[in-house]
file input31.cif (mmCIF, C-alpha atoms)
data_final
#
loop_
_atom_site.label_atom_id
_atom_site.label_comp_id
_atom_site.auth_asym_id
_atom_site.auth_seq_id
_atom_site.Cartn_x
_atom_site.Cartn_y
_atom_site.Cartn_z
CA MET A 1 93.79 8.29 -15.24
CA PRO A 2 95.25 4.79 -14.83
CA GLY A 3 92.89 1.95 -14.08
CA ALA A 4 91.87 0.79 -10.62
CA SER A 5 93.66 -2.24 -9.26
CA GLU A 6 91.91 -5.49 -8.41
CA ALA A 7 92.65 -4.74 -4.75
CA GLU A 8 90.93 -1.32 -5.00
CA LEU A 9 87.89 -2.82 -6.70
CA ALA A 10 87.64 -5.67 -4.18
CA ALA A 11 87.97 -3.27 -1.23
CA ALA A 12 85.23 -1.03 -2.63
CA GLU A 13 82.93 -4.01 -3.21
CA ALA A 14 83.58 -5.27 0.32
CA ARG A 15 82.89 -1.85 1.84
CA LEU A 16 79.60 -1.51 -0.07
CA GLY A 17 78.67 -5.19 0.30
CA VAL A 18 78.04 -5.64 -3.44
CA ARG A 19 79.70 -7.09 -6.51
CA PHE A 20 80.16 -4.50 -9.25
CA PRO A 21 78.63 -5.43 -12.61
CA ALA A 22 81.27 -6.88 -14.96
CA ALA A 23 81.03 -3.91 -17.35
CA LEU A 24 81.67 -1.43 -14.53
CA ARG A 25 84.60 -3.47 -13.19
CA GLU A 26 86.11 -3.57 -16.68
CA LEU A 27 85.61 0.17 -17.18
CA LEU A 28 87.19 1.08 -13.83
CA ALA A 29 90.05 -1.39 -14.33
CA ALA A 30 90.82 0.25 -17.68
CA GLU A 31 90.30 3.83 -16.56
CA ASN A 32 89.61 4.72 -12.93
CA GLY A 33 87.21 7.55 -13.66
CA PHE A 34 86.98 10.08 -16.48
CA GLN A 35 85.19 13.24 -17.58
CA ARG A 36 84.03 13.55 -21.20
CA TRP A 37 81.65 15.45 -23.40
CA TYR A 38 79.52 13.32 -25.71
CA GLY A 39 77.97 15.94 -27.97
CA LYS A 40 75.94 18.09 -25.58
CA VAL A 41 75.99 15.52 -22.76
CA PHE A 42 78.72 15.66 -20.11
CA VAL A 43 79.53 12.39 -18.34
CA TRP A 44 81.77 12.11 -15.32
CA VAL A 45 82.42 8.49 -14.38
CA TYR A 46 83.70 8.51 -10.83
CA ASP A 47 86.92 6.96 -9.64
CA VAL A 48 86.45 4.06 -7.22
CA ALA A 49 86.80 6.18 -4.05
CA THR A 50 84.22 8.74 -5.22
CA LEU A 51 81.89 5.96 -6.37
CA VAL A 52 81.97 4.47 -2.86
CA GLU A 53 81.38 7.84 -1.17
CA SER A 54 78.53 8.75 -3.53
CA THR A 55 76.82 5.39 -3.13
CA GLU A 56 77.05 5.57 0.65
CA MET A 57 75.35 8.98 0.61
CA ILE A 58 72.28 7.65 -1.26
CA GLU A 59 69.90 6.39 1.41
CA ASP A 60 66.57 6.63 -0.41
CA HIS A 61 67.57 4.19 -3.18
CA PRO A 62 68.62 0.86 -1.65
CA GLY A 63 70.37 -1.21 -4.31
CA LEU A 64 71.57 1.80 -6.33
CA LEU A 65 75.28 1.91 -7.13
CA ILE A 66 76.18 5.48 -8.10
CA PHE A 67 78.95 5.52 -10.72
CA GLY A 68 78.85 9.08 -12.05
CA THR A 69 77.15 12.37 -12.75
CA ASP A 70 76.32 14.84 -15.50
CA GLY A 71 78.36 17.42 -13.59
CA GLY A 72 75.19 19.05 -12.26
CA ARG A 73 72.26 17.74 -10.27
CA GLU A 74 71.93 14.32 -11.89
CA ARG A 75 73.64 11.13 -10.71
CA PHE A 76 74.02 7.99 -12.82
CA GLY A 77 73.74 4.59 -11.21
CA VAL A 78 73.14 0.94 -11.83
CA ASP A 79 70.07 -0.68 -10.30
CA LEU A 80 71.51 -3.71 -8.52
CA ARG A 81 67.99 -4.84 -7.62
CA ARG A 82 67.65 -5.91 -11.28
CA PRO A 83 70.83 -7.78 -12.24
CA GLU A 84 69.35 -9.73 -15.15
CA PRO A 85 71.12 -9.58 -18.53
CA PRO A 86 72.00 -7.36 -20.19
CA GLY A 87 71.87 -5.23 -17.04
CA PRO A 88 71.76 -4.16 -14.42
CA PRO A 89 70.01 -1.16 -15.93
CA VAL A 90 71.31 2.38 -15.69
CA VAL A 91 69.10 5.02 -14.09
CA MET A 92 69.48 8.72 -13.40
CA VAL A 93 68.46 10.35 -10.13
CA ASP A 94 68.43 13.99 -9.11
CA ILE A 95 70.44 14.84 -5.99
CA THR A 96 67.13 15.63 -4.22
CA SER A 97 65.41 12.40 -5.31
CA GLU A 98 63.63 10.73 -2.41
CA GLY A 99 63.02 7.26 -3.80
CA TRP A 100 62.97 4.82 -6.66
CA ASP A 101 59.76 6.29 -8.08
CA GLU A 102 61.82 9.34 -9.10
CA ALA A 103 64.59 7.36 -10.85
CA LEU A 104 64.64 7.85 -14.62
CA ALA A 105 65.51 4.83 -16.78
CA GLN A 106 68.42 5.53 -19.13
CA ALA A 107 69.59 2.23 -20.61
CA PRO A 108 69.30 -1.54 -20.06
CA SER A 109 73.02 -1.78 -19.23
CA LEU A 110 76.16 0.27 -18.72
CA ALA A 111 77.40 -0.75 -22.19
CA ASP A 112 74.14 0.54 -23.72
CA PHE A 113 74.36 3.77 -21.69
CA LEU A 114 77.88 4.47 -22.97
CA ALA A 115 76.89 3.50 -26.53
CA GLN A 116 74.01 6.01 -26.35
CA ARG A 117 76.49 8.70 -25.34
CA GLU A 118 78.85 7.75 -28.19
CA ARG A 119 75.93 8.12 -30.62
CA GLY A 120 75.21 11.57 -29.18
CA GLU A 121 71.81 10.63 -27.76
CA PRO A 122 70.43 12.94 -25.07
CA LEU A 123 69.75 11.81 -21.53
CA ARG A 124 66.16 10.80 -20.82
CA HIS A 125 64.40 13.28 -18.58
CA ASP A 126 61.02 11.57 -18.46
CA SER A 127 59.78 8.35 -16.94
CA GLY A 128 59.40 6.61 -20.31
CA HIS A 129 61.50 3.51 -20.89
#

call {"tool": "encode", "arguments": {"input": "input31.cif", "output": "structure tokens"}}
result
Amino acid sequence: MPGASEAELAAAEARLGVRFPAALRELLAAENGFQRWYGKVFVWVYDVATLVESTEMIEDHPGLLIFGTDGGRERFGVDLRRPEPPGPPVVMVDITSEGWDEALAQAPSLADFLAQRERGEPLRHDSGH
């Protein structure tokens, strides 16, 4: 899929009232969403429109920007409450998650999250960091 335009990214940021992390902007500008298998882990990075819709549906996680899914119950997001380098960190939340205490840390940044997938690492399904 071709990349998102600067206008699409800016409109999405304005609608959500946030600035996307640089790594996410770069990813979406290069490829506006994709679906890939990394070993046994499926990753669907949403296109900009789906990212906006998914983020707006998450009410129990203020500051969470949903950027994708595993194709099942889990959603991947960046924790905009913690923007410090190299982050913001990537977390995973179940579709029934009712708050931040149920978010599972995945990686300190989007680049690290994608690198983990490239190395074939499994998703983390416990609360360990």

call {"tool": "atom_distance", "arguments": {"input": "input31.cif", "atom1": "atom CA of Ala115 of chain A", "atom2": "atom CA of Ile58 of chain A"}}
result
26.0 Å

call {"tool": "residues_around", "arguments": {"input": "input31.cif", "residues": "segment 93-98 of chain A", "least_positions_apart": "3", "cutoff": "9 Å", "atoms": "only C-alpha atoms", "output": "list in words"}}
result
Ile58, Glu59, Asp60, His61, Gly72, Arg73, Glu74, Arg75, Phe76, Gly77, Asp101, Glu102, Ala103 and Leu104 of chain A

call {"tool": "write_last_selection", "arguments": {"input": "input31.cif", "atoms": "C-alpha atoms", "output": "short mmCIF file (atom, residue, chain, number, x, y, z; two decimals), in the frame of the given file"}}
result
data_model
loop_
_atom_site.label_atom_id
_atom_site.label_comp_id
_atom_site.auth_asym_id
_atom_site.auth_seq_id
_atom_site.Cartn_x
_atom_site.Cartn_y
_atom_site.Cartn_z
CA ILE A 58 72.28 7.65 -1.26
CA GLU A 59 69.90 6.39 1.41
CA ASP A 60 66.57 6.63 -0.41
CA HIS A 61 67.57 4.19 -3.18
CA GLY A 72 75.19 19.05 -12.26
CA ARG A 73 72.26 17.74 -10.27
CA GLU A 74 71.93 14.32 -11.89
CA ARG A 75 73.64 11.13 -10.71
CA PHE A 76 74.02 7.99 -12.82
CA GLY A 77 73.74 4.59 -11.21
CA ASP A 101 59.76 6.29 -8.08
CA GLU A 102 61.82 9.34 -9.10
CA ALA A 103 64.59 7.36 -10.85
CA LEU A 104 64.64 7.85 -14.62
#

call {"tool": "closest_residue", "arguments": {"input": "input31.cif", "among": "A:Val78, A:Arg124, A:Asp70, A:Pro83", "to": "Val43 of chain A", "atoms": "only C-alpha atoms"}}
result
A:Asp70

call {"tool": "atom_distance", "arguments": {"input": "input31.cif", "atom1": "atom CA of Gln35 of chain A", "atom2": "atom CA of Leu65 of chain A"}}
result
18.3 Å

call {"tool": "atom_distance", "arguments": {"input": "input31.cif", "atom1": "atom CA of Ala105 of chain A", "atom2": "atom CA of Arg82 of chain A"}}
result
12.3 Å

call {"tool": "closest_residue", "arguments": {"input": "input31.cif", "among": "A:Gly3, A:Pro122, A:Gly63, A:Pro88", "to": "Glu26 of chain A", "atoms": "all atoms listed in the file"}}
result
A:Gly3

call {"tool": "resolve_selection", "arguments": {"input": "input31.cif", "expression": "the PyMOL selection byres ((chain A and resi 49) around 10)", "output": "list of chain:residue names"}}
result
A:Ala4, A:Glu8, A:Leu9, A:Ala11, A:Ala12, A:Asn32, A:Gly33, A:Tyr46, A:Asp47, A:Val48, A:Thr50, A:Leu51, A:Val52, A:Glu53, A:Ser54

call {"tool": "closest_residue", "arguments": {"input": "input31.cif", "among": "A:Val18, A:Leu114, A:Val91, A:Pro108", "to": "Asp126 of chain A", "atoms": "all atoms listed in the file"}}
result
A:Val91

call {"tool": "resolve_selection", "arguments": {"input": "input31.cif", "expression": "the PyMOL selection byres ((chain A and resi 110) around 8)", "output": "CSV table (one decimal) with C-alpha atoms, in the frame of the given file"}}
result
chain,number,residue,atom,x,y,z
A,23,ALA,CA,81.0,-3.9,-17.4
A,24,LEU,CA,81.7,-1.4,-14.5
A,78,VAL,CA,73.1,0.9,-11.8
A,87,GLY,CA,71.9,-5.2,-17.0
A,88,PRO,CA,71.8,-4.2,-14.4
A,89,PRO,CA,70.0,-1.2,-15.9
A,90,VAL,CA,71.3,2.4,-15.7
A,107,ALA,CA,69.6,2.2,-20.6
A,108,PRO,CA,69.3,-1.5,-20.1
A,109,SER,CA,73.0,-1.8,-19.2
A,111,ALA,CA,77.4,-0.8,-22.2
A,112,ASP,CA,74.1,0.5,-23.7
A,113,PHE,CA,74.4,3.8,-21.7
A,114,LEU,CA,77.9,4.5,-23.0

call {"tool": "closest_residue", "arguments": {"input": "input31.cif", "among": "A:Met1, A:His125, A:Pro85, A:Asp79", "to": "Phe34 of chain A", "atoms": "only C-alpha atoms"}}
result
A:Met1

call {"tool": "closest_residue", "arguments": {"input": "input31.cif", "among": "A:Ala7, A:Gly71, A:Ile66, A:Arg117", "to": "Met92 of chain A", "atoms": "only C-alpha atoms"}}
result
A:Ile66

call {"tool": "closest_residue", "arguments": {"input": "input31.cif", "among": "A:Pro62, A:Gly120, A:Gly99, A:Pro2", "to": "Lys40 of chain A", "atoms": "only C-alpha atoms"}}
result
A:Gly120

call {"tool": "decode", "arguments": {"input": "input31.cif", "residues": "segment 2-110 of chain A", "atoms": "C-alpha atoms", "output": "PDB file, in the first residue's frame"}}
result
ATOM      1  CA  PRO A   2       1.411   3.447  -0.831  1.00  0.00           C
ATOM      2  CA  GLY A   3       2.412   5.693   2.022  1.00  0.00           C
ATOM      3  CA  ALA A   4       0.160   8.188   3.761  1.00  0.00           C
ATOM      4  CA  SER A   5       0.494  11.797   2.702  1.00  0.00           C
ATOM      5  CA  GLU A   6       1.596  14.565   5.042  1.00  0.00           C
ATOM      6  CA  ALA A   7      -1.950  15.942   4.809  1.00  0.00           C
ATOM      7  CA  GLU A   8      -3.434  12.583   5.928  1.00  0.00           C
ATOM      8  CA  LEU A   9      -1.009  12.329   8.834  1.00  0.00           C
ATOM      9  CA  ALA A  10      -1.628  15.932   9.920  1.00  0.00           C
ATOM     10  CA  ALA A  11      -5.410  15.486   9.726  1.00  0.00           C
ATOM     11  CA  ALA A  12      -5.237  12.314  11.832  1.00  0.00           C
ATOM     12  CA  GLU A  13      -3.038  14.018  14.427  1.00  0.00           C
ATOM     13  CA  ALA A  14      -5.402  16.996  14.563  1.00  0.00           C
ATOM     14  CA  ARG A  15      -8.450  14.757  14.972  1.00  0.00           C
ATOM     15  CA  LEU A  16      -6.805  12.802  17.813  1.00  0.00           C
ATOM     16  CA  GLY A  17      -5.119  15.865  19.337  1.00  0.00           C
ATOM     17  CA  VAL A  18      -1.682  14.215  19.399  1.00  0.00           C
ATOM     18  CA  ARG A  19       1.591  14.236  17.491  1.00  0.00           C
ATOM     19  CA  PHE A  20       2.517  10.786  16.200  1.00  0.00           C
ATOM     20  CA  PRO A  21       5.941   9.539  17.276  1.00  0.00           C
ATOM     21  CA  ALA A  22       8.539  10.133  14.537  1.00  0.00           C
ATOM     22  CA  ALA A  23       9.017   6.392  13.923  1.00  0.00           C
ATOM     23  CA  LEU A  24       5.272   5.875  13.396  1.00  0.00           C
ATOM     24  CA  ARG A  25       5.031   8.888  11.062  1.00  0.00           C
ATOM     25  CA  GLU A  26       7.947   7.535   9.028  1.00  0.00           C
ATOM     26  CA  LEU A  27       6.432   4.051   8.871  1.00  0.00           C
ATOM     27  CA  LEU A  28       3.019   5.319   7.752  1.00  0.00           C
ATOM     28  CA  ALA A  29       4.562   7.744   5.253  1.00  0.00           C
ATOM     29  CA  ALA A  30       6.488   4.856   3.697  1.00  0.00           C
ATOM     30  CA  GLU A  31       3.679   2.310   3.851  1.00  0.00           C
ATOM     31  CA  ASN A  32       0.183   3.254   4.992  1.00  0.00           C
ATOM     32  CA  GLY A  33      -0.538   0.004   6.779  1.00  0.00           C
ATOM     33  CA  PHE A  34       0.524  -3.584   6.162  1.00  0.00           C
ATOM     34  CA  GLN A  35      -0.100  -7.167   7.241  1.00  0.00           C
ATOM     35  CA  ARG A  36       2.874  -9.507   7.729  1.00  0.00           C
ATOM     36  CA  TRP A  37       3.889 -12.716   9.402  1.00  0.00           C
ATOM     37  CA  TYR A  38       7.104 -12.565  11.418  1.00  0.00           C
ATOM     38  CA  GLY A  39       7.737 -16.221  12.157  1.00  0.00           C
ATOM     39  CA  LYS A  40       4.702 -17.251  14.203  1.00  0.00           C
ATOM     40  CA  VAL A  41       3.657 -13.666  15.009  1.00  0.00           C
ATOM     41  CA  PHE A  42       1.170 -11.863  12.767  1.00  0.00           C
ATOM     42  CA  VAL A  43       1.343  -8.062  12.766  1.00  0.00           C
ATOM     43  CA  TRP A  44      -1.198  -5.818  11.125  1.00  0.00           C
ATOM     44  CA  VAL A  45      -0.126  -2.178  11.191  1.00  0.00           C
ATOM     45  CA  TYR A  46      -3.235  -0.131  10.531  1.00  0.00           C
ATOM     46  CA  ASP A  47      -3.621   2.457   7.815  1.00  0.00           C
ATOM     47  CA  VAL A  48      -4.113   6.004   9.111  1.00  0.00           C
ATOM     48  CA  ALA A  49      -7.935   5.902   8.979  1.00  0.00           C
ATOM     49  CA  THR A  50      -8.134   2.616  10.914  1.00  0.00           C
ATOM     50  CA  LEU A  51      -5.548   3.865  13.415  1.00  0.00           C
ATOM     51  CA  VAL A  52      -7.747   6.899  14.140  1.00  0.00           C
ATOM     52  CA  GLU A  53     -10.920   4.808  14.487  1.00  0.00           C
ATOM     53  CA  SER A  54      -9.222   2.243  16.740  1.00  0.00           C
ATOM     54  CA  THR A  55      -7.679   4.888  18.971  1.00  0.00           C
ATOM     55  CA  GLU A  56     -10.995   6.699  19.350  1.00  0.00           C
ATOM     56  CA  MET A  57     -12.647   3.456  20.486  1.00  0.00           C
ATOM     57  CA  ILE A  58     -10.175   2.962  23.369  1.00  0.00           C
ATOM     58  CA  GLU A  59     -11.629   4.853  26.322  1.00  0.00           C
ATOM     59  CA  ASP A  60     -10.006   3.020  29.225  1.00  0.00           C
ATOM     60  CA  HIS A  61      -6.436   3.873  28.164  1.00  0.00           C
ATOM     61  CA  PRO A  62      -6.036   7.659  27.892  1.00  0.00           C
ATOM     62  CA  GLY A  63      -2.799   8.424  26.065  1.00  0.00           C
ATOM     63  CA  LEU A  64      -2.755   5.144  24.108  1.00  0.00           C
ATOM     64  CA  LEU A  65      -2.365   5.445  20.337  1.00  0.00           C
ATOM     65  CA  ILE A  66      -3.475   2.163  18.760  1.00  0.00           C
ATOM     66  CA  PHE A  67      -1.451   1.405  15.630  1.00  0.00           C
ATOM     67  CA  GLY A  68      -2.198  -2.261  14.961  1.00  0.00           C
ATOM     68  CA  THR A  69      -3.230  -5.740  16.010  1.00  0.00           C
ATOM     69  CA  ASP A  70      -2.154  -9.364  15.997  1.00  0.00           C
ATOM     70  CA  GLY A  71      -5.255 -10.123  13.935  1.00  0.00           C
ATOM     71  CA  GLY A  72      -7.044 -11.493  16.993  1.00  0.00           C
ATOM     72  CA  ARG A  73      -7.864 -10.021  20.380  1.00  0.00           C
ATOM     73  CA  GLU A  74      -4.670  -8.054  20.949  1.00  0.00           C
ATOM     74  CA  ARG A  75      -4.093  -4.424  19.957  1.00  0.00           C
ATOM     75  CA  PHE A  76      -0.669  -2.775  19.707  1.00  0.00           C
ATOM     76  CA  GLY A  77      -0.227   0.817  20.760  1.00  0.00           C
ATOM     77  CA  VAL A  78       2.271   3.428  21.799  1.00  0.00           C
ATOM     78  CA  ASP A  79       2.013   4.892  25.282  1.00  0.00           C
ATOM     79  CA  LEU A  80       2.018   8.632  24.632  1.00  0.00           C
ATOM     80  CA  ARG A  81       2.067   9.272  28.378  1.00  0.00           C
ATOM     81  CA  ARG A  82       5.757   8.252  28.270  1.00  0.00           C
ATOM     82  CA  PRO A  83       7.354  10.012  25.290  1.00  0.00           C
ATOM     83  CA  GLU A  84      10.944   9.852  26.554  1.00  0.00           C
ATOM     84  CA  PRO A  85      13.616   8.405  24.248  1.00  0.00           C
ATOM     85  CA  PRO A  86      13.795   5.906  22.774  1.00  0.00           C
ATOM     86  CA  GLY A  87      10.013   5.687  23.100  1.00  0.00           C
ATOM     87  CA  PRO A  88       7.236   6.086  23.481  1.00  0.00           C
ATOM     88  CA  PRO A  89       7.047   2.440  24.489  1.00  0.00           C
ATOM     89  CA  VAL A  90       4.892  -0.124  22.721  1.00  0.00           C
ATOM     90  CA  VAL A  91       2.280  -1.999  24.739  1.00  0.00           C
ATOM     91  CA  MET A  92      -0.277  -4.660  23.931  1.00  0.00           C
ATOM     92  CA  VAL A  93      -3.845  -4.592  25.218  1.00  0.00           C
ATOM     93  CA  ASP A  94      -6.633  -7.127  24.869  1.00  0.00           C
ATOM     94  CA  ILE A  95      -9.849  -5.828  23.301  1.00  0.00           C
ATOM     95  CA  THR A  96     -11.556  -6.305  26.691  1.00  0.00           C
ATOM     96  CA  SER A  97      -8.827  -4.530  28.679  1.00  0.00           C
ATOM     97  CA  GLU A  98     -10.287  -2.050  31.148  1.00  0.00           C
ATOM     98  CA  GLY A  99      -7.240   0.019  32.029  1.00  0.00           C
ATOM     99  CA  TRP A 100      -3.530   0.604  31.978  1.00  0.00           C
ATOM    100  CA  ASP A 101      -2.897  -2.030  34.652  1.00  0.00           C
ATOM    101  CA  GLU A 102      -3.773  -4.660  32.013  1.00  0.00           C
ATOM    102  CA  ALA A 103      -1.418  -3.288  29.323  1.00  0.00           C
ATOM    103  CA  LEU A 104       1.517  -5.587  28.577  1.00  0.00           C
ATOM    104  CA  ALA A 105       4.885  -3.962  27.831  1.00  0.00           C
ATOM    105  CA  GLN A 106       6.322  -5.114  24.496  1.00  0.00           C
ATOM    106  CA  ALA A 107       9.244  -2.842  23.610  1.00  0.00           C
ATOM    107  CA  PRO A 108      10.783   0.520  24.557  1.00  0.00           C
ATOM    108  CA  SER A 109       9.975   1.943  21.104  1.00  0.00           C
ATOM    109  CA  LEU A 110       8.274   1.157  17.815  1.00  0.00           C
TER     110      LEU A 110
END
